[in-house]
file protein.pdb (PDB, C-alpha atoms)
ATOM      1  CA  MET A   1       0.000   0.000   0.000
ATOM      2  CA  THR A   2       1.284   3.429  -0.932
ATOM      3  CA  GLY A   3      -0.095   6.946  -1.058
ATOM      4  CA  ALA A   4       1.274  10.309  -2.138
ATOM      5  CA  ASN A   5       4.528  10.114  -4.103
ATOM      6  CA  SER A   6       6.158  11.942  -6.946
ATOM      7  CA  TRP A   7       6.150  10.041 -10.240
ATOM      8  CA  THR A   8       9.858   9.341  -9.802
ATOM      9  CA  GLU A   9       9.313   8.014  -6.269
ATOM     10  CA  ALA A  10       6.441   5.822  -7.444
ATOM     11  CA  ALA A  11       8.611   4.352 -10.198
ATOM     12  CA  GLU A  12      11.527   3.737  -7.819
ATOM     13  CA  LEU A  13       9.266   2.006  -5.288
ATOM     14  CA  ALA A  14       7.740  -0.139  -8.030
ATOM     15  CA  ARG A  15      11.163  -1.350  -9.141
ATOM     16  CA  LEU A  16      12.115  -2.179  -5.539
ATOM     17  CA  LEU A  17       8.896  -4.133  -5.021
ATOM     18  CA  GLU A  18       9.191  -6.010  -8.296
ATOM     19  CA  ASP A  19      12.761  -7.019  -7.469
ATOM     20  CA  ALA A  20      11.659  -8.053  -3.959
ATOM     21  CA  GLY A  21       8.998 -10.427  -5.236
ATOM     22  CA  PHE A  22       5.882  -8.467  -4.340
ATOM     23  CA  GLY A  23       2.853  -9.050  -6.530
ATOM     24  CA  GLY A  24       1.660  -5.506  -6.898
ATOM     25  CA  MET A  25       0.915  -2.074  -5.514
ATOM     26  CA  LEU A  26      -2.268  -0.623  -4.070
ATOM     27  CA  PHE A  27      -2.598   3.172  -4.336
ATOM     28  CA  THR A  28      -4.704   5.132  -1.881
ATOM     29  CA  GLU A  29      -6.250   8.511  -2.708
ATOM     30  CA  THR A  30      -5.775  11.069   0.033
ATOM     31  CA  SER A  31      -3.740  14.172  -0.772
ATOM     32  CA  GLN A  32      -2.955  13.097  -4.339
ATOM     33  CA  VAL A  33      -4.791  11.389  -7.184
ATOM     34  CA  PRO A  34      -3.381   7.938  -8.021
ATOM     35  CA  TRP A  35      -3.526   7.782 -11.808
ATOM     36  CA  MET A  36      -0.188   9.314 -12.812
ATOM     37  CA  GLN A  37       1.679   7.447 -10.085
ATOM     38  CA  ILE A  38       0.243   4.183 -11.396
ATOM     39  CA  ALA A  39       1.316   5.018 -14.946
ATOM     40  CA  ALA A  40       4.861   5.776 -13.768
ATOM     41  CA  ALA A  41       5.012   2.635 -11.625
ATOM     42  CA  ALA A  42       3.636   0.411 -14.391
ATOM     43  CA  MET A  43       6.243   1.620 -16.864
ATOM     44  CA  ALA A  44       9.005   0.999 -14.326
ATOM     45  CA  ALA A  45       7.787  -2.443 -13.170
ATOM     46  CA  PRO A  46       5.635  -4.039 -15.867
ATOM     47  CA  SER A  47       5.135  -7.374 -14.062
ATOM     48  CA  LEU A  48       3.306  -5.873 -11.061
ATOM     49  CA  ASP A  49      -0.445  -5.668 -10.598
ATOM     50  CA  PHE A  50      -1.940  -2.278  -9.737
ATOM     51  CA  SER A  51      -5.091  -1.155  -8.000
ATOM     52  CA  THR A  52      -6.652   1.946  -6.532
ATOM     53  CA  GLY A  53      -7.626   1.214  -2.972
ATOM     54  CA  ILE A  54      -9.661   3.299  -3.188
ATOM     55  CA  ALA A  55     -10.299   6.110  -5.651
ATOM     56  CA  VAL A  56     -13.114   8.376  -4.489
ATOM     57  CA  ALA A  57     -16.071   7.771  -6.768
ATOM     58  CA  PHE A  58     -18.762  10.411  -6.299
ATOM     59  CA  PRO A  59     -16.775  13.559  -7.160
ATOM     60  CA  ARG A  60     -16.013  12.008 -10.573
ATOM     61  CA  SER A  61     -18.434  11.188 -13.339
ATOM     62  CA  PRO A  62     -18.643   7.438 -13.965
ATOM     63  CA  MET A  63     -17.476   8.239 -17.493
ATOM     64  CA  VAL A  64     -14.249   9.761 -16.131
ATOM     65  CA  SER A  65     -13.532   6.761 -13.875
ATOM     66  CA  ALA A  66     -14.411   4.324 -16.648
ATOM     67  CA  ALA A  67     -12.143   6.096 -19.124
ATOM     68  CA  VAL A  68      -9.089   6.235 -16.867
ATOM     69  CA  GLY A  69      -9.642   2.636 -15.748
ATOM     70  CA  TYR A  70      -9.964   1.512 -19.360
ATOM     71  CA  GLU A  71      -6.749   3.296 -20.316
ATOM     72  CA  LEU A  72      -4.787   1.878 -17.382
ATOM     73  CA  ALA A  73      -6.062  -1.645 -18.084
ATOM     74  CA  GLU A  74      -4.856  -1.400 -21.681
ATOM     75  CA  ASN A  75      -1.449   0.027 -20.860
ATOM     76  CA  THR A  76      -0.736  -2.444 -18.047
ATOM     77  CA  GLY A  77      -1.772  -5.457 -20.108
ATOM     78  CA  GLY A  78      -4.805  -6.041 -17.905
ATOM     79  CA  ARG A  79      -2.866  -5.706 -14.634
ATOM     80  CA  PHE A  80      -4.995  -2.845 -13.308
ATOM     81  CA  ARG A  81      -8.119  -3.052 -11.147
ATOM     82  CA  LEU A  82     -10.303   0.005 -10.587
ATOM     83  CA  GLY A  83     -11.028   0.233  -6.859
ATOM     84  CA  LEU A  84     -13.793   2.679  -5.946
ATOM     85  CA  GLY A  85     -15.229   3.896  -2.656
ATOM     86  CA  SER A  86     -17.787   6.330  -1.338
ATOM     87  CA  GLN A  87     -15.576   8.153   1.215
ATOM     88  CA  VAL A  88     -17.514   9.880   4.016
ATOM     89  CA  ARG A  89     -20.095  12.624   3.779
ATOM     90  CA  ALA A  90     -17.874  15.463   5.088
ATOM     91  CA  HIS A  91     -15.191  14.869   2.475
ATOM     92  CA  VAL A  92     -17.588  14.346  -0.407
ATOM     93  CA  GLU A  93     -19.764  17.348   0.369
ATOM     94  CA  ARG A  94     -17.285  19.824   1.879
ATOM     95  CA  ARG A  95     -13.953  18.925   0.272
ATOM     96  CA  TYR A  96     -15.221  17.864  -3.147
ATOM     97  CA  SER A  97     -18.527  19.793  -3.259
ATOM     98  CA  SER A  98     -20.365  16.714  -4.537
ATOM     99  CA  GLU A  99     -23.542  14.770  -3.781
ATOM    100  CA  PHE A 100     -23.486  12.082  -1.067
ATOM    101  CA  SER A 101     -27.092  10.940  -0.537
ATOM    102  CA  SER A 102     -27.832   7.182  -0.387
ATOM    103  CA  PRO A 103     -24.176   6.153  -0.705
ATOM    104  CA  ALA A 104     -24.773   2.402  -1.087
ATOM    105  CA  ALA A 105     -27.439   2.781  -3.763
ATOM    106  CA  ARG A 106     -25.430   5.539  -5.443
ATOM    107  CA  LEU A 107     -22.248   3.449  -5.578
ATOM    108  CA  GLU A 108     -24.143   0.474  -7.005
ATOM    109  CA  ASP A 109     -25.553   2.724  -9.713
ATOM    110  CA  TYR A 110     -22.052   4.144 -10.272
ATOM    111  CA  VAL A 111     -20.498   0.698 -10.815
ATOM    112  CA  ARG A 112     -23.258  -0.269 -13.232
ATOM    113  CA  ALA A 113     -22.644   2.992 -15.111
ATOM    114  CA  VAL A 114     -18.906   2.296 -15.305
ATOM    115  CA  ARG A 115     -19.605  -1.149 -16.743
ATOM    116  CA  ALA A 116     -21.999   0.364 -19.291
ATOM    117  CA  CYS A 117     -19.239   2.731 -20.378
ATOM    118  CA  TRP A 118     -16.792  -0.166 -20.748
ATOM    119  CA  ARG A 119     -19.248  -2.108 -22.909
ATOM    120  CA  ALA A 120     -19.664   0.946 -25.093
ATOM    121  CA  PHE A 121     -15.905   1.516 -25.297
ATOM    122  CA  ASN A 122     -15.506  -2.083 -26.510
ATOM    123  CA  GLY A 123     -18.233  -1.682 -29.095
ATOM    124  CA  GLU A 124     -20.452  -4.280 -27.409
ATOM    125  CA  GLU A 125     -23.461  -1.958 -27.300
ATOM    126  CA  PRO A 126     -24.295   1.744 -27.659
ATOM    127  CA  LEU A 127     -23.980   3.824 -24.525
ATOM    128  CA  HIS A 128     -27.455   4.161 -23.066
ATOM    129  CA  TYR A 129     -27.410   3.965 -19.299
ATOM    130  CA  GLU A 130     -30.392   5.312 -17.335
ATOM    131  CA  GLY A 131     -29.895   4.741 -13.621
ATOM    132  CA  GLU A 132     -31.302   6.232 -10.452
ATOM    133  CA  PHE A 133     -28.410   8.672 -10.060
ATOM    134  CA  TYR A 134     -26.463   8.562 -13.340
ATOM    135  CA  GLN A 135     -27.553   8.908 -16.935
ATOM    136  CA  LEU A 136     -25.028   8.373 -19.746
ATOM    137  CA  THR A 137     -26.419   8.358 -23.280
ATOM    138  CA  LEU A 138     -23.883   9.997 -25.608
ATOM    139  CA  LEU A 139     -20.628   8.511 -26.913
ATOM    140  CA  PRO A 140     -19.750   9.542 -30.473
ATOM    141  CA  ARG A 141     -17.126   7.237 -31.964
ATOM    142  CA  ASP A 142     -14.563  10.034 -32.154
ATOM    143  CA  TRP A 143     -14.855  10.521 -28.372
ATOM    144  CA  ALA A 144     -14.606   6.845 -27.464
ATOM    145  CA  PRO A 145     -11.280   5.404 -26.287
ATOM    146  CA  ARG A 146      -9.179   3.143 -28.488
ATOM    147  CA  ARG A 147     -10.616  -0.352 -28.158
ATOM    148  CA  HIS A 148      -8.751  -3.162 -26.444
ATOM    149  CA  SER A 149      -9.515  -6.644 -25.101
ATOM    150  CA  GLU A 150      -7.696  -6.520 -21.739
ATOM    151  CA  PRO A 151      -9.604  -7.636 -18.610
ATOM    152  CA  LEU A 152     -11.603  -4.920 -16.867
ATOM    153  CA  LYS A 153     -12.183  -5.221 -13.114
ATOM    154  CA  VAL A 154     -14.006  -2.898 -10.738
ATOM    155  CA  ASP A 155     -13.868  -3.363  -6.964
ATOM    156  CA  ILE A 156     -15.476  -1.369  -4.163
ATOM    157  CA  SER A 157     -14.711  -0.752  -0.514
ATOM    158  CA  ALA A 158     -17.284  -2.140   1.894
ATOM    159  CA  VAL A 159     -17.610  -2.206   5.686
ATOM    160  CA  GLY A 160     -21.291  -2.408   6.615
ATOM    161  CA  PRO A 161     -23.967  -4.806   5.349
ATOM    162  CA  LEU A 162     -25.538  -2.478   2.781
ATOM    163  CA  MET A 163     -22.286  -1.841   0.930
ATOM    164  CA  ALA A 164     -21.225  -5.490   1.240
ATOM    165  CA  LYS A 165     -24.485  -6.532  -0.447
ATOM    166  CA  VAL A 166     -23.785  -4.015  -3.208
ATOM    167  CA  ALA A 167     -20.363  -5.600  -3.687
ATOM    168  CA  GLY A 168     -21.970  -9.011  -3.876
ATOM    169  CA  ARG A 169     -24.341  -7.819  -6.576
ATOM    170  CA  VAL A 170     -22.043  -5.812  -8.850
ATOM    171  CA  ALA A 171     -18.335  -5.808  -7.915
ATOM    172  CA  ASP A 172     -15.426  -8.022  -8.949
ATOM    173  CA  GLY A 173     -13.815  -7.544  -5.563
ATOM    174  CA  VAL A 174     -14.043  -5.956  -2.128
ATOM    175  CA  HIS A 175     -11.456  -3.694  -0.531
ATOM    176  CA  VAL A 176     -11.683  -4.771   3.095
ATOM    177  CA  HIS A 177     -11.111  -2.047   5.663
ATOM    178  CA  PRO A 178      -7.703  -2.231   7.417
ATOM    179  CA  LEU A 179      -9.600  -2.308  10.739
ATOM    180  CA  HIS A 180     -10.914  -5.852  10.618
ATOM    181  CA  SER A 181     -10.773  -9.092  12.555
ATOM    182  CA  MET A 182     -11.417 -12.598  11.278
ATOM    183  CA  HIS A 183     -14.576 -12.548  13.388
ATOM    184  CA  TYR A 184     -15.767  -9.546  11.384
ATOM    185  CA  LEU A 185     -14.900 -11.181   8.056
ATOM    186  CA  GLU A 186     -16.608 -14.447   8.936
ATOM    187  CA  THR A 187     -19.717 -13.197  10.750
ATOM    188  CA  ARG A 188     -20.439  -9.850   9.139
ATOM    189  CA  LEU A 189     -18.726  -9.167   5.801
ATOM    190  CA  LEU A 190     -18.879 -12.570   4.094
ATOM    191  CA  PRO A 191     -22.542 -13.323   4.990
ATOM    192  CA  SER A 192     -23.629  -9.919   3.625
ATOM    193  CA  LEU A 193     -21.490 -10.430   0.539
ATOM    194  CA  GLN A 194     -23.136 -13.825   0.061
ATOM    195  CA  LEU A 195     -26.616 -12.288   0.311
ATOM    196  CA  GLY A 196     -25.769  -9.751  -2.380
ATOM    197  CA  ALA A 197     -24.275 -12.413  -4.623
ATOM    198  CA  ASP A 198     -27.372 -14.588  -4.172
ATOM    199  CA  GLN A 199     -29.610 -11.660  -5.130
ATOM    200  CA  ALA A 200     -27.699 -11.266  -8.386
ATOM    201  CA  GLY A 201     -27.385 -14.977  -9.113
ATOM    202  CA  ARG A 202     -23.605 -14.810  -8.724
ATOM    203  CA  SER A 203     -21.076 -17.013  -6.969
ATOM    204  CA  ILE A 204     -19.251 -15.476  -4.034
ATOM    205  CA  ASP A 205     -16.190 -17.371  -5.270
ATOM    206  CA  ASP A 206     -16.016 -14.897  -8.160
ATOM    207  CA  ILE A 207     -15.600 -11.934  -5.769
ATOM    208  CA  ASP A 208     -12.055 -11.258  -4.584
ATOM    209  CA  LEU A 209     -11.247  -9.956  -1.108
ATOM    210  CA  ILE A 210      -8.347  -7.498  -1.124
ATOM    211  CA  VAL A 211      -7.207  -7.213   2.483
ATOM    212  CA  PRO A 212      -4.834  -4.571   3.925
ATOM    213  CA  VAL A 213      -3.140  -5.937   7.038
ATOM    214  CA  PHE A 214      -1.228  -4.351   9.901
ATOM    215  CA  ILE A 215       1.838  -6.612   9.588
ATOM    216  CA  CYS A 216       4.324  -6.215  12.439
ATOM    217  CA  PRO A 217       7.410  -8.415  11.936
ATOM    218  CA  GLY A 218      10.611  -8.511  13.951
ATOM    219  CA  ASP A 219      12.833 -10.984  15.777
ATOM    220  CA  SER A 220      12.535  -9.224  19.139
ATOM    221  CA  PRO A 221       9.982  -7.033  20.909
ATOM    222  CA  GLU A 222      12.360  -4.092  20.403
ATOM    223  CA  GLU A 223      12.550  -4.650  16.641
ATOM    224  CA  ARG A 224       8.791  -5.031  16.369
ATOM    225  CA  GLU A 225       7.974  -2.030  18.558
ATOM    226  CA  PRO A 226       7.913   0.708  15.861
ATOM    227  CA  MET A 227       5.492  -1.309  13.721
ATOM    228  CA  VAL A 228       3.427  -2.342  16.745
ATOM    229  CA  ALA A 229       3.155   1.256  17.964
ATOM    230  CA  HIS A 230       2.107   2.379  14.477
ATOM    231  CA  ALA A 231      -0.485  -0.396  14.313
ATOM    232  CA  ARG A 232      -1.945   0.489  17.719
ATOM    233  CA  GLN A 233      -2.227   4.131  16.680
ATOM    234  CA  GLN A 234      -3.936   3.302  13.369
ATOM    235  CA  ILE A 235      -6.327   0.828  14.962
ATOM    236  CA  ALA A 236      -7.325   3.494  17.490
ATOM    237  CA  PHE A 237      -7.618   6.172  14.810
ATOM    238  CA  TYR A 238      -9.922   4.065  12.648
ATOM    239  CA  GLY A 239     -11.759   2.788  15.705
ATOM    240  CA  SER A 240     -12.634   6.329  16.760
ATOM    241  CA  THR A 241     -15.330   6.363  14.056
ATOM    242  CA  PRO A 242     -18.694   5.604  15.723
ATOM    243  CA  ASN A 243     -19.798   3.462  12.783
ATOM    244  CA  TYR A 244     -16.827   1.164  13.448
ATOM    245  CA  ALA A 245     -17.480   0.725  17.172
ATOM    246  CA  PHE A 246     -18.986  -2.704  16.499
ATOM    247  CA  GLN A 247     -15.516  -3.945  15.508
ATOM    248  CA  PHE A 248     -14.516  -3.697  19.174
ATOM    249  CA  ASP A 249     -17.904  -4.517  20.673
ATOM    250  CA  ASP A 250     -18.257  -7.795  18.759
ATOM    251  CA  LEU A 251     -15.009  -9.022  20.314
ATOM    252  CA  GLY A 252     -15.983  -8.098  23.870
ATOM    253  CA  PHE A 253     -14.149  -4.754  24.014
ATOM    254  CA  GLU A 254     -17.270  -2.660  24.546
ATOM    255  CA  GLY A 255     -16.826   1.063  25.031
ATOM    256  CA  THR A 256     -13.431   1.268  23.319
ATOM    257  CA  THR A 257     -14.593   3.747  20.693
ATOM    258  CA  GLY A 258     -15.993   6.025  23.401
ATOM    259  CA  LYS A 259     -12.691   5.944  25.289
ATOM    260  CA  ILE A 260     -10.765   6.775  22.100
ATOM    261  CA  ARG A 261     -13.060   9.692  21.316
ATOM    262  CA  ALA A 262     -12.723  11.005  24.864
ATOM    263  CA  LEU A 263      -8.921  11.127  24.476
ATOM    264  CA  MET A 264      -9.283  12.832  21.116
ATOM    265  CA  LYS A 265     -11.473  15.523  22.664
ATOM    266  CA  GLN A 266      -8.673  16.144  25.167
ATOM    267  CA  GLY A 267      -6.234  16.529  22.268
ATOM    268  CA  ALA A 268      -4.253  13.492  23.489
ATOM    269  CA  PHE A 269      -3.771  12.030  20.034
ATOM    270  CA  ASP A 270      -0.342  10.629  20.906
ATOM    271  CA  ARG A 271      -1.937   8.449  23.595
ATOM    272  CA  LEU A 272      -4.598   6.770  21.437
ATOM    273  CA  GLY A 273      -2.524   3.646  20.941
ATOM    274  CA  GLU A 274      -2.434   3.064  24.709
ATOM    275  CA  LEU A 275      -6.091   1.982  24.498
ATOM    276  CA  ILE A 276      -5.280  -0.900  22.149
ATOM    277  CA  SER A 277      -4.281  -3.822  24.358
ATOM    278  CA  ASP A 278      -2.179  -6.793  23.300
ATOM    279  CA  GLU A 279      -5.362  -8.858  23.167
ATOM    280  CA  MET A 280      -6.953  -6.369  20.763
ATOM    281  CA  LEU A 281      -3.780  -6.249  18.706
ATOM    282  CA  GLU A 282      -3.934 -10.006  18.228
ATOM    283  CA  HIS A 283      -7.308  -9.623  16.499
ATOM    284  CA  PHE A 284      -6.490  -6.611  14.328
ATOM    285  CA  ALA A 285      -2.819  -7.146  13.418
ATOM    286  CA  VAL A 286      -0.368  -9.920  12.613
ATOM    287  CA  VAL A 287       2.647  -9.781  14.944
ATOM    288  CA  ALA A 288       5.408 -12.387  14.661
ATOM    289  CA  ASP A 289       9.089 -13.108  14.127
ATOM    290  CA  TRP A 290      10.372 -12.639  10.582
ATOM    291  CA  ASP A 291      10.590 -16.414  10.056
ATOM    292  CA  ASP A 292       6.976 -16.885  11.135
ATOM    293  CA  ILE A 293       5.190 -13.892   9.641
ATOM    294  CA  ALA A 294       4.460 -15.459   6.245
ATOM    295  CA  ASP A 295       3.010 -18.572   7.891
ATOM    296  CA  ARG A 296       0.860 -16.423  10.174
ATOM    297  CA  LEU A 297      -0.498 -14.479   7.202
ATOM    298  CA  LEU A 298      -1.261 -17.658   5.303
ATOM    299  CA  GLU A 299      -2.903 -19.305   8.304
ATOM    300  CA  ARG A 300      -5.172 -16.317   8.818
ATOM    301  CA  TYR A 301      -6.089 -15.382   5.268
ATOM    302  CA  ARG A 302      -5.688 -18.480   3.068
ATOM    303  CA  GLY A 303      -9.040 -19.327   1.537
ATOM    304  CA  THR A 304     -10.417 -15.878   2.365
ATOM    305  CA  ALA A 305      -8.204 -13.224   0.756
ATOM    306  CA  ALA A 306      -7.268 -13.031  -2.900
ATOM    307  CA  ARG A 307      -4.689 -10.388  -2.028
ATOM    308  CA  VAL A 308      -2.987  -9.555   1.262
ATOM    309  CA  VAL A 309      -1.670  -5.999   1.314
ATOM    310  CA  SER A 310       1.056  -4.730   3.617
ATOM    311  CA  TYR A 311      -0.374  -1.594   5.205
ATOM    312  CA  MET A 312       2.849  -0.335   6.825
ATOM    313  CA  GLY A 313       5.934  -1.742   5.076
ATOM    314  CA  GLU A 314       6.675   0.989   2.544
ATOM    315  CA  ARG A 315       9.096   3.109   4.560
ATOM    316  CA  ALA A 316      11.266   0.164   5.620
ATOM    317  CA  ILE A 317      11.382  -1.187   2.071
ATOM    318  CA  ARG A 318      12.514   2.195   0.785
ATOM    319  CA  THR A 319      15.158   2.941   3.413
ATOM    320  CA  ASP A 320      16.381  -0.222   5.207
ATOM    321  CA  LEU A 321      18.322  -2.762   3.134
ATOM    322  CA  HIS A 322      18.142  -5.401   5.881
ATOM    323  CA  GLN A 323      14.384  -5.100   6.270
ATOM    324  CA  ARG A 324      13.926  -4.939   2.502
ATOM    325  CA  GLY A 325      15.542  -8.359   2.251
ATOM    326  CA  LYS A 326      13.310  -9.693   5.018
ATOM    327  CA  TRP A 327      10.174  -8.279   3.392
ATOM    328  CA  SER A 328      11.274  -9.896   0.138
ATOM    329  CA  GLU A 329      11.407 -13.294   1.838
ATOM    330  CA  VAL A 330       7.925 -12.755   3.260
ATOM    331  CA  ALA A 331       6.483 -11.635  -0.077
ATOM    332  CA  ARG A 332       7.956 -14.578  -1.968
ATOM    333  CA  ALA A 333       6.817 -17.080   0.665
ATOM    334  CA  VAL A 334       3.256 -15.766   0.674
ATOM    335  CA  ALA A 335       3.144 -15.672  -3.133
ATOM    336  CA  GLU A 336       4.450 -19.238  -3.461
ATOM    337  CA  GLU A 337       2.250 -20.805  -0.793
ATOM    338  CA  GLY A 338      -0.748 -18.611  -1.545
ATOM    339  CA  HIS A 339      -1.054 -20.043  -5.034
TER     340      HIS A 339
END
call {"tool": "encode", "arguments": {"input": "protein.pdb", "output": "C-alpha cells"}}
result
Amino acid sequence: MTGANSWTEAAELARLLEDAGFGGMLFTETSQVPWMQIAAAAMAAPSLDFSTGIAVAFPRSPMVSAAVGYELAENTGGRFRLGLGSQVRAHVERRYSSEFSSPAARLEDYVRAVRACWRAFNGEEPLHYEGEFYQLTLLPRDWAPRRHSEPLKVDISAVGPLMAKVAGRVADGVHVHPLHSMHYLETRLLPSLQLGADQAGRSIDDIDLIVPVFICPGDSPEEREPMVAHARQQIAFYGSTPNYAFQFDDLGFEGTTGKIRALMKQGAFDRLGELISDEMLEHFAVVADWDDIADRLLERYRGTAARVVSYMGERAIRTDLHQRGKWSEVARAVAEEGH
C-alpha cells in the first residue's frame, strides 16, 4: 500500500517491489490522485499488478472513472483493477462539493454505469445507461477510447452490510477495511457479501477480497515495537469512528470507541494507541518473528483473501536494506504458498 509520491518516487518504489517479489501495488487517494503514479510505476515495473484502494467515486463522473480505468487496463496489459469507494459525507460534500445521498445505492448505480461505459468503449453496445443517479447516453465514436480486449475489473470498498451486499451484486472484488478481525470477516462481511451475490445470481467465489493488514514483523519485541506502535495508533484512529465501534464490541471490548473519542477531545492524540491492548492487537494485526510472519499471514487469510496488502511496510522497504531483504522473503513465501 502506498499513497502520495512523486512520479519518480512511485517508479523507484515499483522497481524495488518487483525485485523483492511483491505481486503488486495498491494506491490510496488522500492528498494526491493515483492515476499518474500508477502510470509511472507500471512503466518501471511491468510485471506488477496495480489497483486503486480506493479512488473516491462520487466527485467524478462514472465516465471519467471508466475512461481512466480503461486506459490503465490497456497500458498495463490487464494488470490494473479500478477500486472505488464512497468516502464519508464530510469529504464528499465539503472537500469535493459533490452529492453524497444514499451512498450504497449511489455506488451500485455508479459501478453499473462504469460497466456500461466499458461495454460501449468495446463496441459491445451503444452507450445508453439510465440509472437512479447517473444517466449516460452519448458517446460519439470520435470521443470513445481506443478499443482493447484486456480484462476490466471494478472493486469497491465495503464495511457495513448495505455496501457489502452491493459488492456481492455488482463488484469483482471488495477492498476490506484495514480495521478488521477474522470474526468480522466471517460473521459480518462474508454473509452480507453472500446475500448480495445470491440476489444477483452470482457465486461469491467470483468476488475477490483485497485485504490490507497491519503486519508487524521482527525478531525481538524491540525490533517489532515501531510497527506495533504504528499499528496500535492506526487501529485506534480508525476505531474512533462511531460506525466502526462494532468492531470492538463484537469481540468483547465494549466502550473502546468512546474511550478513544474522549482522548481525542482532550487533544491526546499521541496516547490513542495506549487503548489498544495486546489482546486487541492479536485480532487486528499480525505480529510475529520474521521467520513466522508469512506462515501467520497464510494461516489467517488463506481461503479468504485473494490479495494480502502490507499496510505499513513501505518506509522500511525504501530505506532499510536489511528489512527490505526480510520483506522480500515474506512476499515470496506468501506468493508461493498462496497459489
call {"tool": "atom_distance", "arguments": {"input": "protein.pdb", "atom1": "CA of Gly313 in chain A", "atom2": "CA of Met1 in chain A"}}
result
8.0 Å
call {"tool": "resolve_selection", "arguments": {"input": "protein.pdb", "expression": "the PyMOL selection byres ((chain A and resi 108-118) around 7)", "output": "number ranges by chain"}}
result
A: 62-63, 66, 104-107, 119-122, 127, 129, 131-134, 166, 170
call {"tool": "atom_distance", "arguments": {"input": "protein.pdb", "atom1": "CA of Asp198 in chain A", "atom2": "CA of Ala57 in chain A"}}
result
25.2 Å
call {"tool": "atom_distance", "arguments": {"input": "protein.pdb", "atom1": "CA of Arg188 in chain A", "atom2": "CA of Ile215 in chain A"}}
result
22.5 Å
call {"tool": "closest_residue", "arguments": {"input": "protein.pdb", "among": "A:Glu223, A:Glu186, A:Asp172, A:Asp291", "to": "Ile210 in chain A", "atoms": "all atoms listed in the file"}}
result
A:Asp172
call {"tool": "resolve_selection", "arguments": {"input": "protein.pdb", "expression": "the PyMOL selection byres ((chain A and resi 36) around 10)", "output": "list in words"}}
result
Asn5, Ser6, Trp7, Ala10, Gln32, Val33, Pro34, Trp35, Gln37, Ile38, Ala39, Ala40, Ala41, Ala42 and Leu72 of chain A
call {"tool": "closest_residue", "arguments": {"input": "protein.pdb", "among": "A:Thr137, A:Gly21, A:Leu152, A:Arg307", "to": "Glu74 in chain A", "atoms": "only C-alpha atoms"}}
result
A:Leu152
call {"tool": "resolve_selection", "arguments": {"input": "protein.pdb", "expression": "the PyMOL selection byres ((chain A and resi 43-53) around 6)", "output": "list in words"}}
result
Ala11, Ala14, Arg15, Gly23, Gly24, Met25, Leu26, Phe27, Thr28, Ala40, Ala41, Ala42, Ile54, Ala55, Arg79, Phe80, Arg81, Leu82 and Gly83 of chain A
call {"tool": "closest_residue", "arguments": {"input": "protein.pdb", "among": "A:Glu124, A:Asp19, A:Glu71, A:Asp206", "to": "Pro145 in chain A", "atoms": "only C-alpha atoms"}}
result
A:Glu71
call {"tool": "axis_aligned_box", "arguments": {"input": "protein.pdb", "around": "range 193-206 of chain A", "padding_each_side": "3 Å", "output": "lines of an AutoDock Vina configuration file"}}
result
center_x = -22.8
center_y = -13.6
center_z = -4.3
size_x = 19.6
size_y = 13.6
size_z = 15.7
call {"tool": "residues_around", "arguments": {"input": "protein.pdb", "residues": "Pro59 in chain A", "least_positions_apart": "5", "cutoff": "12 Å", "atoms": "all atoms listed in the file", "output": "PDB file with C-alpha atoms, keeping the file's coordinate frame"}}
result
ATOM      1  CA  VAL A  64     -14.249   9.761 -16.131  1.00  0.00           C
ATOM      2  CA  SER A  65     -13.532   6.761 -13.875  1.00  0.00           C
ATOM      3  CA  LEU A  84     -13.793   2.679  -5.946  1.00  0.00           C
ATOM      4  CA  GLY A  85     -15.229   3.896  -2.656  1.00  0.00           C
ATOM      5  CA  SER A  86     -17.787   6.330  -1.338  1.00  0.00           C
ATOM      6  CA  GLN A  87     -15.576   8.153   1.215  1.00  0.00           C
ATOM      7  CA  VAL A  88     -17.514   9.880   4.016  1.00  0.00           C
ATOM      8  CA  ARG A  89     -20.095  12.624   3.779  1.00  0.00           C
ATOM      9  CA  HIS A  91     -15.191  14.869   2.475  1.00  0.00           C
ATOM     10  CA  VAL A  92     -17.588  14.346  -0.407  1.00  0.00           C
ATOM     11  CA  GLU A  93     -19.764  17.348   0.369  1.00  0.00           C
ATOM     12  CA  ARG A  94     -17.285  19.824   1.879  1.00  0.00           C
ATOM     13  CA  ARG A  95     -13.953  18.925   0.272  1.00  0.00           C
ATOM     14  CA  TYR A  96     -15.221  17.864  -3.147  1.00  0.00           C
ATOM     15  CA  SER A  97     -18.527  19.793  -3.259  1.00  0.00           C
ATOM     16  CA  SER A  98     -20.365  16.714  -4.537  1.00  0.00           C
ATOM     17  CA  GLU A  99     -23.542  14.770  -3.781  1.00  0.00           C
ATOM     18  CA  PHE A 100     -23.486  12.082  -1.067  1.00  0.00           C
ATOM     19  CA  ARG A 106     -25.430   5.539  -5.443  1.00  0.00           C
ATOM     20  CA  LEU A 107     -22.248   3.449  -5.578  1.00  0.00           C
ATOM     21  CA  TYR A 110     -22.052   4.144 -10.272  1.00  0.00           C
TER      22      TYR A 110
END
call {"tool": "closest_residue", "arguments": {"input": "protein.pdb", "among": "A:Leu189, A:Ala200, A:Val213, A:Ile260", "to": "Arg169 in chain A", "atoms": "all atoms listed in the file"}}
result
A:Ala200
call {"tool": "closest_residue", "arguments": {"input": "protein.pdb", "among": "A:Ala294, A:Ala229, A:Ile317, A:Ala236", "to": "Leu263 in chain A", "atoms": "only C-alpha atoms"}}
result
A:Ala236
